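One file, input-v5.cif, is given below (mmCIF, C-alpha atoms).
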```cif
data_protein
loop_
_atom_site.label_atom_id
_atom_site.label_comp_id
_atom_site.auth_asym_id
_atom_site.auth_seq_id
_atom_site.Cartn_x
_atom_site.Cartn_y
_atom_site.Cartn_z
CA MET A 919 0.00 0.00 0.00
CA ARG A 920 2.75 2.41 0.94
CA ARG A 921 4.60 1.61 -2.28
CA THR A 922 1.47 2.35 -4.30
CA VAL A 923 1.04 5.73 -2.61
CA VAL A 924 4.68 6.63 -3.34
CA GLN A 925 4.22 5.67 -6.99
CA ILE A 926 1.08 7.80 -7.27
CA LEU A 927 2.81 10.81 -5.70
CA PHE A 928 5.74 10.37 -8.07
CA LEU A 929 3.38 10.22 -11.06
CA ILE A 930 1.60 13.36 -9.90
CA SER A 931 4.92 15.19 -9.59
CA ILE A 932 5.90 14.17 -13.12
CA LEU A 933 2.57 15.29 -14.52
CA ALA A 934 2.81 18.56 -12.65
CA GLN A 935 6.21 19.24 -14.20
CA ALA A 936 5.09 18.31 -17.70
CA SER A 937 3.03 21.47 -18.15
CA TRP A 938 3.64 24.49 -15.95
CA ALA A 939 4.29 28.17 -15.51
CA ILE A 940 8.01 28.85 -15.58
CA GLY A 941 10.37 31.61 -14.52
CA TRP A 942 13.36 32.91 -16.43
CA PRO A 943 16.07 31.17 -14.29
CA ALA A 944 14.27 27.85 -14.76
CA VAL A 945 14.19 28.41 -18.53
CA ILE A 946 17.98 28.82 -18.55
CA GLN A 947 18.46 25.72 -16.42
CA GLN A 948 16.17 23.60 -18.58
CA ALA A 949 17.80 24.80 -21.81
CA GLU A 950 21.22 23.72 -20.57
CA GLN A 951 19.86 20.18 -20.32
CA ALA A 952 17.64 19.96 -23.38
CA ASN A 953 18.40 22.61 -26.02
CA ASN A 954 19.56 20.98 -29.27
CA ASP A 955 22.00 23.75 -30.24
CA LEU A 956 23.74 23.72 -26.87
CA LEU A 957 23.96 19.93 -26.78
CA GLY A 958 25.36 19.90 -30.32
CA ALA A 959 27.95 22.58 -29.51
CA ARG A 960 29.13 20.57 -26.48
CA LYS A 961 29.53 17.43 -28.59
CA GLN A 962 31.46 19.40 -31.18
CA LEU A 963 33.78 20.69 -28.46
CA ASP A 964 34.27 17.12 -27.21
CA ALA A 965 35.27 16.04 -30.74
CA TYR A 966 37.89 18.79 -31.00
CA GLN A 967 39.15 17.97 -27.52
CA TRP A 968 39.98 14.50 -28.81
CA SER A 969 41.45 15.95 -32.00
CA TYR A 970 43.78 17.93 -29.76
CA TYR A 971 44.78 14.78 -27.87
CA LYS A 972 45.31 13.04 -31.21
CA SER A 973 47.80 15.71 -32.33
CA TYR A 974 50.25 14.44 -29.69
CA SER A 975 50.41 11.04 -31.41
CA ASN A 976 52.66 12.54 -34.09
CA PHE A 977 55.41 12.99 -31.48
CA LEU A 978 55.18 9.41 -30.20
CA PRO A 979 56.62 6.20 -31.72
CA GLN A 980 54.47 3.94 -33.85
CA ILE A 981 54.76 0.33 -32.64
CA SER A 982 53.24 -2.75 -34.26
CA GLY A 983 53.52 -6.51 -33.77
CA SER A 984 53.15 -9.43 -36.14
CA LEU A 985 52.42 -13.12 -35.75
CA SER A 986 51.99 -15.71 -38.50
CA GLY A 987 51.94 -19.46 -39.00
CA GLY A 988 51.27 -21.62 -42.02
CA ASN A 989 51.55 -25.00 -43.69
CA SER A 990 52.14 -25.71 -47.39
CA ALA A 991 52.19 -28.96 -49.34
CA GLY A 992 54.17 -29.68 -52.50
CA SER A 993 55.91 -32.43 -54.45
CA SER A 994 58.81 -32.27 -52.06
CA GLY A 995 56.56 -32.71 -49.04
CA ASN A 996 54.92 -30.53 -46.42
CA SER A 997 56.54 -27.48 -44.88
CA THR A 998 55.54 -25.50 -41.82
CA SER A 999 56.57 -21.97 -40.97
CA PHE A 1000 56.09 -19.70 -37.96
CA SER A 1001 57.14 -16.14 -37.28
CA TYR A 1002 56.56 -13.30 -34.91
CA GLY A 1003 58.06 -9.87 -34.64
CA LEU A 1004 57.92 -6.34 -33.41
CA SER A 1005 58.57 -3.13 -35.35
CA ALA A 1006 58.76 0.50 -34.30
CA SER A 1007 59.25 3.80 -36.06
CA GLN A 1008 59.78 7.29 -34.77
CA THR A 1009 59.69 10.54 -36.72
CA LEU A 1010 62.56 12.63 -35.40
CA PHE A 1011 61.93 15.67 -37.56
CA LYS A 1012 59.20 16.30 -40.08
CA GLY A 1013 59.94 19.83 -41.17
CA LEU A 1014 58.08 21.19 -38.12
CA GLY A 1015 54.87 19.72 -39.56
CA ASN A 1016 54.01 17.88 -36.36
CA TYR A 1017 54.50 21.05 -34.34
CA TYR A 1018 52.21 23.07 -36.57
CA ASN A 1019 49.61 20.30 -36.53
CA TRP A 1020 49.65 20.45 -32.74
CA ARG A 1021 49.33 24.24 -32.75
CA THR A 1022 46.43 24.04 -35.20
CA ALA A 1023 44.65 21.51 -32.99
CA ALA A 1024 45.22 23.70 -29.92
CA VAL A 1025 43.80 26.80 -31.63
CA ASN A 1026 40.85 24.79 -32.98
CA LEU A 1027 40.14 23.61 -29.44
CA ASP A 1028 40.16 27.20 -28.17
CA TYR A 1029 37.97 28.21 -31.13
CA TYR A 1030 35.28 25.67 -30.27
CA ARG A 1031 35.44 26.55 -26.58
CA VAL A 1032 34.57 30.10 -27.57
CA ASN A 1033 32.08 28.76 -30.10
CA LEU A 1034 30.24 27.09 -27.22
CA GLN A 1035 30.09 30.48 -25.46
CA SER A 1036 28.83 32.08 -28.68
CA THR A 1037 26.21 29.36 -29.12
CA ARG A 1038 25.12 29.73 -25.50
CA ALA A 1039 24.73 33.50 -25.95
CA ALA A 1040 22.71 32.98 -29.15
CA VAL A 1041 20.52 30.32 -27.53
CA TYR A 1042 19.93 32.44 -24.44
CA SER A 1043 18.97 35.32 -26.71
CA GLN A 1044 16.48 33.10 -28.57
CA LEU A 1045 15.12 31.90 -25.25
CA ARG A 1046 14.76 35.43 -23.96
CA LEU A 1047 12.92 36.54 -27.09
CA ALA A 1048 10.60 33.52 -26.86
CA TYR A 1049 10.09 34.18 -23.14
CA VAL A 1050 9.33 37.84 -23.84
CA ASP A 1051 6.92 36.88 -26.62
CA LEU A 1052 4.94 34.64 -24.27
CA PHE A 1053 4.98 37.27 -21.52
CA ILE A 1054 3.77 39.95 -23.94
CA ALA A 1055 1.20 37.61 -25.46
CA GLN A 1056 -0.20 36.97 -21.97
CA LYS A 1057 -0.32 40.71 -21.23
CA ASN A 1058 -1.89 41.40 -24.61
CA LEU A 1059 -4.60 38.79 -24.03
CA LEU A 1060 -5.50 40.27 -20.65
CA ALA A 1061 -5.59 43.77 -22.13
CA ARG A 1062 -7.69 42.63 -25.08
CA GLN A 1063 -10.16 40.96 -22.73
CA LYS A 1064 -10.47 44.16 -20.68
CA ILE A 1065 -10.92 46.20 -23.86
CA SER A 1066 -13.61 43.79 -25.03
CA GLN A 1067 -15.46 44.26 -21.74
CA TYR A 1068 -14.92 48.01 -22.05
CA ARG A 1069 -16.43 47.97 -25.54
CA THR A 1070 -19.33 45.84 -24.28
CA ASP A 1071 -20.13 48.44 -21.63
CA ASN A 1072 -19.96 51.17 -24.26
CA VAL A 1073 -22.42 49.32 -26.49
CA ARG A 1074 -24.86 49.02 -23.60
CA MET A 1075 -24.51 52.72 -22.80
CA ILE A 1076 -24.97 53.88 -26.41
CA LYS A 1077 -27.92 51.51 -26.87
CA LEU A 1078 -29.67 53.11 -23.91
CA LEU A 1079 -29.05 56.52 -25.40
CA TYR A 1080 -30.18 55.32 -28.82
CA ASP A 1081 -33.36 53.75 -27.42
CA SER A 1082 -34.13 56.99 -25.62
CA GLY A 1083 -33.61 58.98 -28.81
CA LYS A 1084 -30.51 60.79 -27.56
CA GLU A 1085 -28.09 59.10 -29.97
CA ASP A 1086 -28.32 58.23 -33.65
CA LYS A 1087 -28.23 54.75 -35.19
CA GLY A 1088 -24.90 55.28 -36.97
CA ASN A 1089 -23.08 55.90 -33.70
CA TYR A 1090 -24.77 52.88 -32.14
CA LEU A 1091 -23.69 50.68 -35.08
CA ARG A 1092 -20.14 52.02 -34.76
CA THR A 1093 -19.91 50.90 -31.15
CA GLN A 1094 -21.16 47.46 -32.19
CA ALA A 1095 -18.43 47.30 -34.87
CA GLN A 1096 -15.86 48.29 -32.26
CA LEU A 1097 -17.08 45.48 -30.01
CA ALA A 1098 -16.84 42.96 -32.86
CA ASP A 1099 -13.27 44.14 -33.52
CA ALA A 1100 -12.44 43.80 -29.80
CA LYS A 1101 -13.75 40.22 -29.73
CA HIS A 1102 -11.73 39.40 -32.83
CA ASN A 1103 -8.63 40.80 -31.14
CA VAL A 1104 -9.26 38.59 -28.09
CA ALA A 1105 -9.46 35.49 -30.31
CA SER A 1106 -6.32 36.54 -32.17
CA ALA A 1107 -4.51 37.19 -28.87
CA ARG A 1108 -5.36 33.67 -27.70
CA ARG A 1109 -3.84 32.24 -30.87
CA GLN A 1110 -0.69 34.30 -30.30
CA VAL A 1111 -0.42 32.91 -26.77
CA GLU A 1112 -0.61 29.36 -28.14
CA LEU A 1113 2.12 30.05 -30.69
CA ALA A 1114 4.34 31.69 -28.06
CA ARG A 1115 3.85 28.69 -25.74
CA LEU A 1116 4.81 26.32 -28.55
CA LYS A 1117 7.98 28.24 -29.44
CA LEU A 1118 9.28 28.38 -25.87
CA SER A 1119 8.33 24.75 -25.24
CA GLN A 1120 10.25 23.61 -28.31
CA LEU A 1121 13.36 25.50 -27.28
CA ILE A 1122 13.57 24.02 -23.77
CA GLY A 1123 12.05 20.58 -24.35
CA ILE A 1124 9.11 20.76 -21.93
CA THR A 1125 5.54 21.98 -22.25
CA VAL A 1126 5.13 25.51 -20.91
CA GLU A 1127 1.72 27.01 -20.19
CA ALA A 1128 2.76 30.44 -18.95
CA VAL A 1129 5.65 32.53 -17.70
CA GLU A 1130 5.87 33.92 -14.19
CA GLY A 1131 6.38 37.38 -12.79
CA GLU A 1132 6.81 40.76 -14.40
CA LEU A 1133 9.42 41.80 -16.95
CA MET A 1134 10.89 45.26 -17.16
CA ALA A 1135 13.86 46.20 -19.34
CA LYS A 1136 16.75 47.81 -17.47
CA SER A 1137 19.25 50.44 -18.51
CA ALA A 1138 22.78 49.24 -19.28
CA GLY A 1139 24.35 51.99 -17.17
CA LEU A 1140 27.94 53.07 -17.85
CA VAL A 1141 29.48 50.97 -20.62
CA ASP A 1142 33.06 50.43 -21.83
CA PHE A 1143 32.26 49.62 -25.46
CA ALA A 1144 35.86 48.83 -26.42
CA GLN A 1145 36.25 46.31 -23.61
CA LEU A 1146 32.89 44.66 -24.26
CA SER A 1147 33.46 44.34 -28.00
CA ALA A 1148 37.00 42.98 -27.53
CA GLY A 1149 35.71 40.31 -25.14
CA ALA A 1150 32.74 39.31 -27.26
CA PRO A 1151 32.74 35.69 -28.50
CA ALA A 1152 32.51 36.94 -32.09
CA SER A 1153 35.74 38.88 -31.56
CA GLN A 1154 37.49 35.88 -30.02
CA LEU A 1155 36.35 33.64 -32.88
CA ALA A 1156 37.69 36.10 -35.43
CA LYS A 1157 41.01 36.21 -33.55
CA ALA A 1158 41.25 32.40 -33.57
CA GLN A 1159 40.54 32.30 -37.32
CA LEU A 1160 43.33 34.80 -37.91
CA GLU A 1161 45.69 32.72 -35.76
CA LEU A 1162 44.88 29.63 -37.82
CA LEU A 1163 45.85 31.52 -40.97
CA GLN A 1164 49.10 32.60 -39.32
CA ILE A 1165 49.91 29.00 -38.44
CA ALA A 1166 49.05 27.85 -41.97
CA GLN A 1167 51.40 30.47 -43.40
CA GLN A 1168 54.21 29.47 -41.01
CA ALA A 1169 53.63 25.79 -41.73
CA THR A 1170 54.58 26.25 -45.38
CA TRP A 1171 58.22 26.25 -44.24
CA GLN A 1172 57.97 22.50 -43.73
CA GLU A 1173 57.95 22.04 -47.50
CA PHE A 1174 61.55 23.33 -47.58
CA LEU A 1175 62.85 21.32 -44.60
CA PRO A 1176 64.06 17.71 -44.32
CA THR A 1177 62.22 14.75 -42.84
CA ILE A 1178 64.18 12.43 -40.54
CA SER A 1179 62.86 9.15 -39.16
CA LEU A 1180 64.19 6.18 -37.22
CA SER A 1181 62.87 2.63 -37.53
CA ALA A 1182 63.73 -0.70 -35.91
CA SER A 1183 62.43 -4.25 -36.11
CA TYR A 1184 62.97 -7.62 -34.51
CA GLN A 1185 61.67 -10.93 -35.86
CA ARG A 1186 61.92 -14.64 -35.15
CA SER A 1187 61.05 -17.30 -37.73
CA GLY A 1188 61.40 -21.03 -38.26
CA SER A 1189 59.66 -24.30 -39.06
CA ASP A 1190 59.04 -25.18 -35.42
CA TRP A 1191 57.33 -23.35 -32.57
CA PRO A 1192 58.77 -21.39 -30.99
CA PRO A 1193 60.86 -20.23 -33.98
CA THR A 1194 64.57 -19.91 -33.29
CA THR A 1195 65.98 -17.91 -36.20
CA SER A 1196 66.09 -14.25 -35.34
CA SER A 1197 66.66 -11.12 -37.36
CA LYS A 1198 66.74 -7.47 -36.45
CA SER A 1199 67.23 -4.15 -38.16
CA LEU A 1200 67.81 -0.52 -37.30
CA SER A 1201 67.69 2.28 -39.84
CA LEU A 1202 67.84 6.04 -39.99
CA ALA A 1203 66.26 7.74 -42.99
CA ALA A 1204 66.35 11.34 -44.13
CA SER A 1205 64.92 13.15 -47.11
CA ILE A 1206 64.89 16.76 -48.21
CA PRO A 1207 62.91 18.37 -51.02
CA ILE A 1208 65.31 19.84 -53.59
CA PHE A 1209 62.93 20.92 -56.33
CA PRO A 1210 59.27 19.82 -56.05
CA GLY A 1211 58.33 21.69 -59.20
CA GLY A 1212 57.96 25.01 -57.39
CA SER A 1213 54.84 23.92 -55.48
CA ASN A 1214 56.44 24.84 -52.16
CA LEU A 1215 57.08 28.38 -53.38
CA ALA A 1216 53.51 28.65 -54.67
CA ASP A 1217 52.05 27.32 -51.42
CA ARG A 1218 53.98 29.88 -49.41
CA ALA A 1219 52.83 32.71 -51.65
CA ILE A 1220 49.20 31.55 -51.48
CA ALA A 1221 49.32 31.26 -47.68
CA GLY A 1222 50.84 34.74 -47.48
CA PHE A 1223 48.05 36.30 -49.51
CA GLN A 1224 45.42 34.43 -47.52
CA LEU A 1225 46.98 35.73 -44.29
CA GLU A 1226 46.91 39.30 -45.62
CA LYS A 1227 43.23 38.87 -46.47
CA GLY A 1228 42.70 37.39 -43.02
CA TRP A 1229 44.10 40.54 -41.43
CA GLN A 1230 41.66 42.65 -43.43
CA ASP A 1231 38.74 40.39 -42.46
CA TYR A 1232 39.79 40.56 -38.82
CA ALA A 1233 39.97 44.36 -38.84
CA LYS A 1234 36.57 44.52 -40.53
CA SER A 1235 35.04 42.15 -37.99
CA GLN A 1236 36.32 44.20 -35.04
CA LYS A 1237 34.71 47.33 -36.48
CA SER A 1238 31.47 45.47 -37.10
CA ILE A 1239 31.39 44.01 -33.59
CA TYR A 1240 32.07 47.41 -32.02
CA TYR A 1241 29.30 48.96 -34.10
CA THR A 1242 26.87 46.19 -33.14
CA VAL A 1243 27.59 46.63 -29.43
CA LYS A 1244 27.26 50.40 -29.74
CA SER A 1245 24.10 50.34 -31.88
CA THR A 1246 22.26 47.79 -29.74
CA HIS A 1247 23.03 49.90 -26.68
CA GLU A 1248 21.61 52.98 -28.38
CA ASN A 1249 18.55 50.98 -29.44
CA LEU A 1250 18.01 50.00 -25.81
CA VAL A 1251 18.28 53.63 -24.67
CA ASP A 1252 15.80 54.69 -27.37
CA ALA A 1253 13.38 51.89 -26.49
CA LEU A 1254 13.41 52.74 -22.78
CA GLU A 1255 12.79 56.40 -23.53
CA ALA A 1256 9.96 55.47 -25.92
CA LEU A 1257 8.43 53.24 -23.23
CA ASN A 1258 8.44 56.11 -20.73
CA ILE A 1259 6.80 58.39 -23.27
CA GLN A 1260 4.18 55.76 -24.08
CA ASN A 1261 3.39 55.40 -20.39
CA GLU A 1262 2.83 59.16 -20.21
CA TYR A 1263 0.51 58.98 -23.20
CA PHE A 1264 -1.44 56.17 -21.53
CA THR A 1265 -1.75 58.11 -18.28
CA SER A 1266 -3.05 61.15 -20.11
CA SER A 1267 -5.45 59.20 -22.35
CA ALA A 1268 -6.89 57.35 -19.34
CA GLU A 1269 -7.59 60.67 -17.63
CA ARG A 1270 -9.02 62.19 -20.81
CA ALA A 1271 -11.29 59.16 -21.29
CA LYS A 1272 -12.72 59.60 -17.77
CA ILE A 1273 -13.29 63.34 -18.24
CA THR A 1274 -14.81 62.92 -21.71
CA GLN A 1275 -17.07 60.12 -20.45
CA ALA A 1276 -18.47 62.40 -17.76
CA LYS A 1277 -18.93 65.26 -20.22
CA TYR A 1278 -20.65 63.02 -22.75
CA LEU A 1279 -23.12 61.61 -20.24
CA ASN A 1280 -23.98 65.17 -19.19
CA GLY A 1281 -24.38 66.37 -22.76
CA LEU A 1282 -21.31 68.62 -22.64
CA THR A 1283 -19.46 67.03 -25.58
CA THR A 1284 -20.24 65.22 -28.81
CA TYR A 1285 -20.17 61.52 -29.60
CA ASP A 1286 -17.22 62.04 -31.96
CA GLU A 1287 -15.15 63.65 -29.24
CA TRP A 1288 -16.11 60.93 -26.77
CA ASP A 1289 -15.35 58.18 -29.31
CA ARG A 1290 -11.97 59.71 -30.12
CA ALA A 1291 -11.00 59.80 -26.43
CA GLN A 1292 -12.16 56.20 -25.93
CA THR A 1293 -10.21 54.97 -28.97
CA GLU A 1294 -7.06 56.78 -27.84
CA TYR A 1295 -7.38 55.16 -24.42
CA VAL A 1296 -7.76 51.69 -25.96
CA ASN A 1297 -4.89 52.20 -28.39
CA ASP A 1298 -2.57 53.54 -25.70
CA GLN A 1299 -3.16 50.44 -23.56
CA ILE A 1300 -1.88 48.30 -26.41
CA GLY A 1301 0.80 50.88 -27.15
CA VAL A 1302 2.30 50.42 -23.68
CA ILE A 1303 2.42 46.65 -24.17
CA ASN A 1304 4.07 47.01 -27.58
CA ALA A 1305 6.57 49.57 -26.27
CA ASN A 1306 7.43 47.25 -23.39
CA ARG A 1307 7.99 44.41 -25.87
CA THR A 1308 10.28 46.62 -27.96
CA ALA A 1309 12.30 47.54 -24.86
CA LEU A 1310 12.60 43.93 -23.70
CA ILE A 1311 13.75 42.80 -27.14
CA ALA A 1312 16.25 45.67 -27.28
CA GLU A 1313 17.58 44.59 -23.88
CA ALA A 1314 18.03 40.99 -25.06
CA ASN A 1315 19.77 42.12 -28.27
CA TRP A 1316 22.08 44.41 -26.29
CA HIS A 1317 23.27 41.61 -24.03
CA ASN A 1318 23.62 39.23 -26.97
CA SER A 1319 25.80 41.72 -28.86
CA TYR A 1320 28.71 41.17 -26.46
CA GLY A 1321 28.00 37.52 -25.67
CA GLY A 1322 26.04 38.07 -22.45
CA TYR A 1323 22.45 37.46 -21.50
CA VAL A 1324 19.73 38.93 -19.29
CA GLN A 1325 20.30 37.69 -15.75
#
```

Kindly transcribe the structure held in the file into structure tokens.
Amino acid sequence: MRRTVVQILFLISILAQASWAIGWPAVIQQAEQANNDLLGARKQLDAYQWSYYKSYSNFLPQISGSLSGGNSAGSSGNSTSFSYGLSASQTLFKGLGNYYNWRTAAVNLDYYRVNLQSTRAAVYSQLRLAYVDLFIAQKNLLARQKISQYRTDNVRMIKLLYDSGKEDKGNYLRTQAQLADAKHNVASARRQVELARLKLSQLIGITVEAVEGELMAKSAGLVDFAQLSAGAPASQLAKAQLELLQIAQQATWQEFLPTISLSASYQRSGSDWPPTTSSKSLSLAASIPIFPGGSNLADRAIAGFQLEKGWQDYAKSQKSIYYTVKSTHENLVDALEALNIQNEYFTSSAERAKITQAKYLNGLTTYDEWDRAQTEYVNDQIGVINANRTALIAEANWHNSYGGYVQ
């Protein structure tokens, strides 16, 4: 009985976690475990970690063993043979090729470490945008529902005035059209909530019904743009790419240098087991390219031009990254200022709607003036939500520009 109760409680906990309201820290935590891009970037880093380990094998000896046995029959009779042996080879000098292979592997490893940071920043940015979309969709649905109720009350009020002969039919029909539009907007807002839920759920691998709490974009404060842009993952990736080109250009020297290797072997053979006849060898080999048709000269020239282009690409990327960091910061400042202005508009339109409502009911203003004030009030409610969304997106883009994320 006790075991059954424990199983039921466990099942309830699983079901409760399968579909739930989630906060931003939990989104980050869940994405680290389930996001496809992050998991793929980690596996890619693991692969290059082993490629780096593999690069050391070029400095180590290559050892192999052999074992054979056989029997053959001919006109002279049967013969049996056995042999076993051990051979080893060691590259003493390969024109610095092994060294440059190791350096390339080391830089590639650093590159994909930074690539994981870049992927994490991009994923967190996608998550934040999806989280913001669901938050805004929820706010928009609530606002649309309130507006629909607001329009319903207006229809009732205008109908009473119309029935009493104090308002014309055209104005009454207009309020009905406004109510129909409000109901349509509620239905559309519900569909947007469903899409926003689906997007966030797909990104973190669990079903999300809603997001928790309130979101408010924050100012970036004092910013050192040069330091942020230099430390951005995009900047570090560009630096690693340039370093790879430098190594490739330096590695062309190996085509002019000798290769020296040492090899040794030991073998026993005979017609009986264990074989008794032994043989061994030790050799030192060296080769140097004298004239490979000029390909070594061409390769060095090509690598030099590619490195020069790499320097230009690197300089261009640093300018672009700095501009992105700077521009996203300015966009955030603009969005926050626009949000404050929109809040002021909403405050004023709410007050005007109240005043105009009182005037209209007392016959001190026209329907057109009342309708204009009501429409401004409705539009400014949605305007605040849209301005908040713009500010939240600007905040996410700002943090993503330098490889960070909203905490």

Query raised in the report: Contacts of Ala1204 in chain A at 7 Å or less, counting all atoms listed in the file, minus same-chain residues fewer than 5 places along, as number ranges by chain?
Result: A: 1176-1179

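Running the PyMOL selection byres ((chain A and resi 1156) around 10) on this file leaves A:Tyr1029, A:Pro1151, A:Ala1152, A:Ser1153, A:Gln1154, A:Leu1155, A:Lys1157, A:Ala1158, A:Gln1159, A:Leu1160, A:Glu1161, A:Leu1162, A:Gly1228, A:Trp1229, A:Asp1231, A:Tyr1232, A:Ala1233, A:Lys1234, A:Ser1235, A:Gln1236 selected.
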
Atoms to include: C-alpha atoms. Write the selected residues as a JSON list (two decimals), keeping the file's coordinate frame.
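To be explicit, this is the file written out as selection02.json:
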```
[["chain", "number", "residue", "atom", "x", "y", "z"],
["A", 1029, "TYR", "CA", 37.97, 28.21, -31.13],
["A", 1151, "PRO", "CA", 32.74, 35.69, -28.50],
["A", 1152, "ALA", "CA", 32.51, 36.94, -32.09],
["A", 1153, "SER", "CA", 35.74, 38.88, -31.56],
["A", 1154, "GLN", "CA", 37.49, 35.88, -30.02],
["A", 1155, "LEU", "CA", 36.35, 33.64, -32.88],
["A", 1157, "LYS", "CA", 41.01, 36.21, -33.55],
["A", 1158, "ALA", "CA", 41.25, 32.40, -33.57],
["A", 1159, "GLN", "CA", 40.54, 32.30, -37.32],
["A", 1160, "LEU", "CA", 43.33, 34.80, -37.91],
["A", 1161, "GLU", "CA", 45.69, 32.72, -35.76],
["A", 1162, "LEU", "CA", 44.88, 29.63, -37.82],
["A", 1228, "GLY", "CA", 42.70, 37.39, -43.02],
["A", 1229, "TRP", "CA", 44.10, 40.54, -41.43],
["A", 1231, "ASP", "CA", 38.74, 40.39, -42.46],
["A", 1232, "TYR", "CA", 39.79, 40.56, -38.82],
["A", 1233, "ALA", "CA", 39.97, 44.36, -38.84],
["A", 1234, "LYS", "CA", 36.57, 44.52, -40.53],
["A", 1235, "SER", "CA", 35.04, 42.15, -37.99],
["A", 1236, "GLN", "CA", 36.32, 44.20, -35.04]]
```

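The residue that comes closest to Ala1006 in chain A, out of A:Leu1034, A:Val1141, A:Val1025, A:Ile981 and on the basis of all atoms listed in the file, is A:Ile981.
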
**Report entry** Matched chain/residue IDs from the PyMOL selection byres ((chain A and resi 1288-1304) around 7), as a VMD selection string
**Finding:** chain A and resid 1054 1058 1065 1257 1260 to 1261 1263 to 1264 1267 to 1268 1270 to 1271 1274 to 1275 1278 1284 to 1287 1305 to 1308

Those residues you just picked out, can you put them in a file as an mmCIF file, keeping the file's coordinate frame with C-alpha atoms?
```
data_model
loop_
_atom_site.group_PDB
_atom_site.id
_atom_site.type_symbol
_atom_site.label_atom_id
_atom_site.label_comp_id
_atom_site.auth_asym_id
_atom_site.auth_seq_id
_atom_site.Cartn_x
_atom_site.Cartn_y
_atom_site.Cartn_z
ATOM 1 C CA ILE A 1054 3.770 39.950 -23.940
ATOM 2 C CA ASN A 1058 -1.890 41.400 -24.610
ATOM 3 C CA ILE A 1065 -10.920 46.200 -23.860
ATOM 4 C CA LEU A 1257 8.430 53.240 -23.230
ATOM 5 C CA GLN A 1260 4.180 55.760 -24.080
ATOM 6 C CA ASN A 1261 3.390 55.400 -20.390
ATOM 7 C CA TYR A 1263 0.510 58.980 -23.200
ATOM 8 C CA PHE A 1264 -1.440 56.170 -21.530
ATOM 9 C CA SER A 1267 -5.450 59.200 -22.350
ATOM 10 C CA ALA A 1268 -6.890 57.350 -19.340
ATOM 11 C CA ARG A 1270 -9.020 62.190 -20.810
ATOM 12 C CA ALA A 1271 -11.290 59.160 -21.290
ATOM 13 C CA THR A 1274 -14.810 62.920 -21.710
ATOM 14 C CA GLN A 1275 -17.070 60.120 -20.450
ATOM 15 C CA TYR A 1278 -20.650 63.020 -22.750
ATOM 16 C CA THR A 1284 -20.240 65.220 -28.810
ATOM 17 C CA TYR A 1285 -20.170 61.520 -29.600
ATOM 18 C CA ASP A 1286 -17.220 62.040 -31.960
ATOM 19 C CA GLU A 1287 -15.150 63.650 -29.240
ATOM 20 C CA ALA A 1305 6.570 49.570 -26.270
ATOM 21 C CA ASN A 1306 7.430 47.250 -23.390
ATOM 22 C CA ARG A 1307 7.990 44.410 -25.870
ATOM 23 C CA THR A 1308 10.280 46.620 -27.960
#
```

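When the PyMOL selection byres ((chain A and resi 1131) around 12) is run on the displayed coordinates, the residues it returns are Ala939, Ile940, Gly941, Trp942, Pro943, Tyr1049, Val1050, Leu1052, Phe1053, Ile1054, Gln1056, Lys1057, Ala1128, Val1129, Glu1130, Glu1132, Leu1133 and Met1134 of chain A.
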
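Candidate residues A:Asn1026, A:Ser1197, A:Val1104, A:Ile1122 were compared for distance to Gln1185 in chain A, and the nearest is A:Ser1197, using only C-alpha atoms.
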
Query raised in the report: In Å, with one decimal, what is the gap from CA of Ser1189 in chain A to CA of Ser997 in chain A?
Result: 7.3 Å

Per-residue nearest contacts of range 1022-1093 of chain A to range 953-962 of chain A (10 Å; all atoms listed in the file) as a tab-separated table:
```
residue	atom	partner	partner_atom	distance
A:Leu1027	CA	A:Gln962	CA	9.8
A:Tyr1030	CA	A:Gln962	CA	7.4
A:Arg1031	CA	A:Arg960	CA	8.7
A:Asn1033	CA	A:Ala959	CA	7.5
A:Leu1034	CA	A:Ala959	CA	5.6
A:Gln1035	CA	A:Ala959	CA	9.1
A:Ser1036	CA	A:Ala959	CA	9.6
A:Thr1037	CA	A:Leu956	CA	6.6
A:Arg1038	CA	A:Leu956	CA	6.3
A:Ala1039	CA	A:Leu956	CA	9.9
A:Ala1040	CA	A:Asp955	CA	9.3
A:Val1041	CA	A:Asp955	CA	7.3
A:Tyr1042	CA	A:Leu956	CA	9.8
A:Leu1045	CA	A:Asn953	CA	9.9
```

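Atom pair CA of Gly988 in chain A / CA of Ser1199 in chain A: separated by 24.0 Å.
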
Please report, as AutoDock Vina command-line options, the centre and edge lengths in Å to one decimal of an axis-aligned box covering all listed atoms of range 1210-1213 of chain A with 6 Å per side.
```
--center_x 57.1 --center_y 22.4 --center_z -57.3 --size_x 16.4 --size_y 17.2 --size_z 15.7
```

Report task. Between A:Asn976, A:Thr1194, A:Thr1022, A:Thr1265, single out the one closest to Thr1009 in chain A, counting only C-alpha atoms. Result -> A:Asn976

Query raised in the report: In Å, with one decimal, what is the gap from CA of Gly1322 in chain A to CA of Tyr966 in chain A?
Result: 24.2 Å

Report task. Find the spatial neighbours of Thr1093 in chain A, counting all atoms listed in the file, within a cut-off of 9 Å - ignore same-chain residues fewer than 2 positions away - and output them as a list in words. Result -> Arg1069, Thr1070, Asn1072, Val1073, Ile1076, Gly1088, Asn1089, Tyr1090, Leu1091, Ala1095, Gln1096, Leu1097, Ala1098 and Asp1289 of chain A

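Across A:Ser1183, A:Asp1051, A:Leu1163, A:Gly1139, the tightest approach to Gly983 in chain A is made by A:Ser1183 when counting all atoms listed in the file.
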
Query - Neighbour list for Phe977 in chain A as a PyMOL selection string, cut-off 12 Å, all atoms listed in the file, skip fewer than 3 positions in-chain - result: chain A and resi 971-974+980+1007-1012+1014-1020+1179
